[in-house]
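I have placed the structure first, in the form of structure tokens, so that the comments after it can refer back to it.
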Amino acid sequence: MSSSKKNQNSEVDDIDVLLNDFGRNLSGVSGVVFYGMALIVATVPLWLYWRIHLMDPLTSYIPWTIMSIVSAVLIAKAYTNTKFVIKHKVAQKIEKAVAKEVNKMCEETQNKNYSKKEKENLLHWKKNEICESQAVSFSLFYNNIVFLTLILVFSFFIFKNLAPLYNYVGTVAASSGLLFLLSTSSK
């Protein structure tokens, strides 16, 4: 009875590890990177409105601060959504290559015999490490390009006839909102 209960607990722990690794939750490093980069990218339009649209920073700091924070949160959520989708796609594509590499590594270390469970854990860890780094990099690159392109399109074409303050609020809200919306698709 206790042996079957141990196996059951072990299986539950394995499932929890898989869910944590491939879930939407951010690791500590990813969270810091995502929110830090989102704050940087959300403040990039400030230069555009200060220098090109000639907004005065002293009179515009309140809407700039509010919109930058709201935009940073939406951009960080878009990073997370995109990373989640990309991580699964990358995992499917690299599974065979990583398995081959792990098997080769296990064969080369002759002084230690790996159990099947240890090989599976090593394979899972290696695959998750590769998928995580590639998904984070792609998510940052893709979302930054889309956001900054949307900023330019909304600022210079769609809201060009509005006063600079309304242009800024509309552009940043529409760009970050549309970016977040686009990131929620599963394809």
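Chain identifiers are assigned as A, B, and so on, following the order in which chains appear in the structure tokens; residues are numbered from 1 within each chain, and ligands are numbered from 1 in order of appearance.
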Stretch 120-185 of chain A near stretch 46-57 of chain A within 8 Å: what's each residue's closest atom pair and its distance in Å to one decimal, counting only C-alpha atoms, ordered by chain then ascending residue number, as a tab-separated table?
```
residue	atom	partner	partner_atom	distance
A:Pro164	CA	A:His53	CA	6.1
A:Leu165	CA	A:Met55	CA	7.5
A:Tyr168	CA	A:Tyr49	CA	7.1
```
DSSP alpha helix (DSSP H) selection over chain A, as a PyMOL selection string:
chain A and resi 2-22+28-47+57-108+116-153+164-183
Residues near stretch 127-141 of chain A, anyone? I mean within 7 Å using only C-alpha atoms, not counting same-chain ones fewer than 4 positions away, as a list in words.
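Non-adjacent residues within range: Asp21, Tyr79, Thr82, Lys83, Ile86, Lys87, Val90, Ala91, Glu95, Val98, Leu123 and Ile145 of chain A.
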Go ahead and save the picked residues with N, CA and C atoms, as an mmCIF file, in the first residue's frame.
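part28.cif, written as the output of this step:
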```
data_model
loop_
_atom_site.group_PDB
_atom_site.id
_atom_site.type_symbol
_atom_site.label_atom_id
_atom_site.label_comp_id
_atom_site.auth_asym_id
_atom_site.auth_seq_id
_atom_site.Cartn_x
_atom_site.Cartn_y
_atom_site.Cartn_z
ATOM 1 N N ASP A 21 7.097 24.037 -15.493
ATOM 2 C CA ASP A 21 8.064 24.357 -16.542
ATOM 3 C C ASP A 21 7.403 24.847 -17.818
ATOM 4 N N TYR A 79 4.569 39.770 -23.660
ATOM 5 C CA TYR A 79 5.790 38.956 -23.654
ATOM 6 C C TYR A 79 5.494 37.567 -23.100
ATOM 7 N N THR A 82 3.296 35.422 -25.524
ATOM 8 C CA THR A 82 4.059 34.985 -26.690
ATOM 9 C C THR A 82 5.068 33.921 -26.291
ATOM 10 N N LYS A 83 5.720 34.108 -25.165
ATOM 11 C CA LYS A 83 6.694 33.118 -24.693
ATOM 12 C C LYS A 83 6.026 31.760 -24.480
ATOM 13 N N ILE A 86 5.367 30.152 -27.952
ATOM 14 C CA ILE A 86 6.615 29.825 -28.640
ATOM 15 C C ILE A 86 7.345 28.691 -27.942
ATOM 16 N N LYS A 87 7.308 28.667 -26.626
ATOM 17 C CA LYS A 87 8.017 27.626 -25.882
ATOM 18 C C LYS A 87 7.512 26.237 -26.256
ATOM 19 N N VAL A 90 8.766 25.412 -29.868
ATOM 20 C CA VAL A 90 10.192 25.086 -29.869
ATOM 21 C C VAL A 90 10.420 23.711 -29.256
ATOM 22 N N ALA A 91 9.710 23.410 -28.180
ATOM 23 C CA ALA A 91 9.865 22.112 -27.516
ATOM 24 C C ALA A 91 9.535 20.965 -28.463
ATOM 25 N N GLU A 95 12.824 18.332 -29.715
ATOM 26 C CA GLU A 95 12.800 17.168 -28.824
ATOM 27 C C GLU A 95 13.758 16.069 -29.277
ATOM 28 N N VAL A 98 17.525 17.169 -28.899
ATOM 29 C CA VAL A 98 17.951 17.206 -27.508
ATOM 30 C C VAL A 98 18.083 15.799 -26.958
ATOM 31 N N LEU A 123 16.929 15.021 -19.772
ATOM 32 C CA LEU A 123 16.326 15.409 -21.043
ATOM 33 C C LEU A 123 15.328 16.544 -20.837
ATOM 34 N N ILE A 145 9.271 44.796 -31.794
ATOM 35 C CA ILE A 145 9.118 45.245 -33.182
ATOM 36 C C ILE A 145 7.663 45.621 -33.462
#
```
Point out the residue among A:Val85, A:Leu182, A:Cys106, A:Leu39 with the least atom-to-atom distance to A:Ser68, counting only C-alpha atoms.
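The answer is A:Leu39, which sits nearest to A:Ser68.
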With a distance cut-off of 7 Å and only C-alpha atoms, select the neighbouring residues of A:Ala72, excluding the residue or stretch itself and same-chain residues fewer than 5 positions from it, and output the selection as a VMD selection string.
chain A and resid 35 38 to 39 42
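Counting only C-alpha atoms and comparing A:Asn161, A:Asn167, A:Thr149, A:Thr43, the residue that lies closest to A:Ser71 is A:Thr43.
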To one decimal in Å, tell me the separation between atom CA of A:Ala99 and atom CA of A:Asn121.
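That distance, rounded to one decimal, is 11.2 Å.
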Of the candidates A:Lys126, A:Lys89, A:Phe157, A:Thr184, which one gets nearest to A:Met105 if we count only C-alpha atoms?
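The answer is A:Lys126, which sits nearest to A:Met105.
Taking atom CA of A:Lys116 as the reference point, atom CA of A:Lys93 is found at 22.5 Å.
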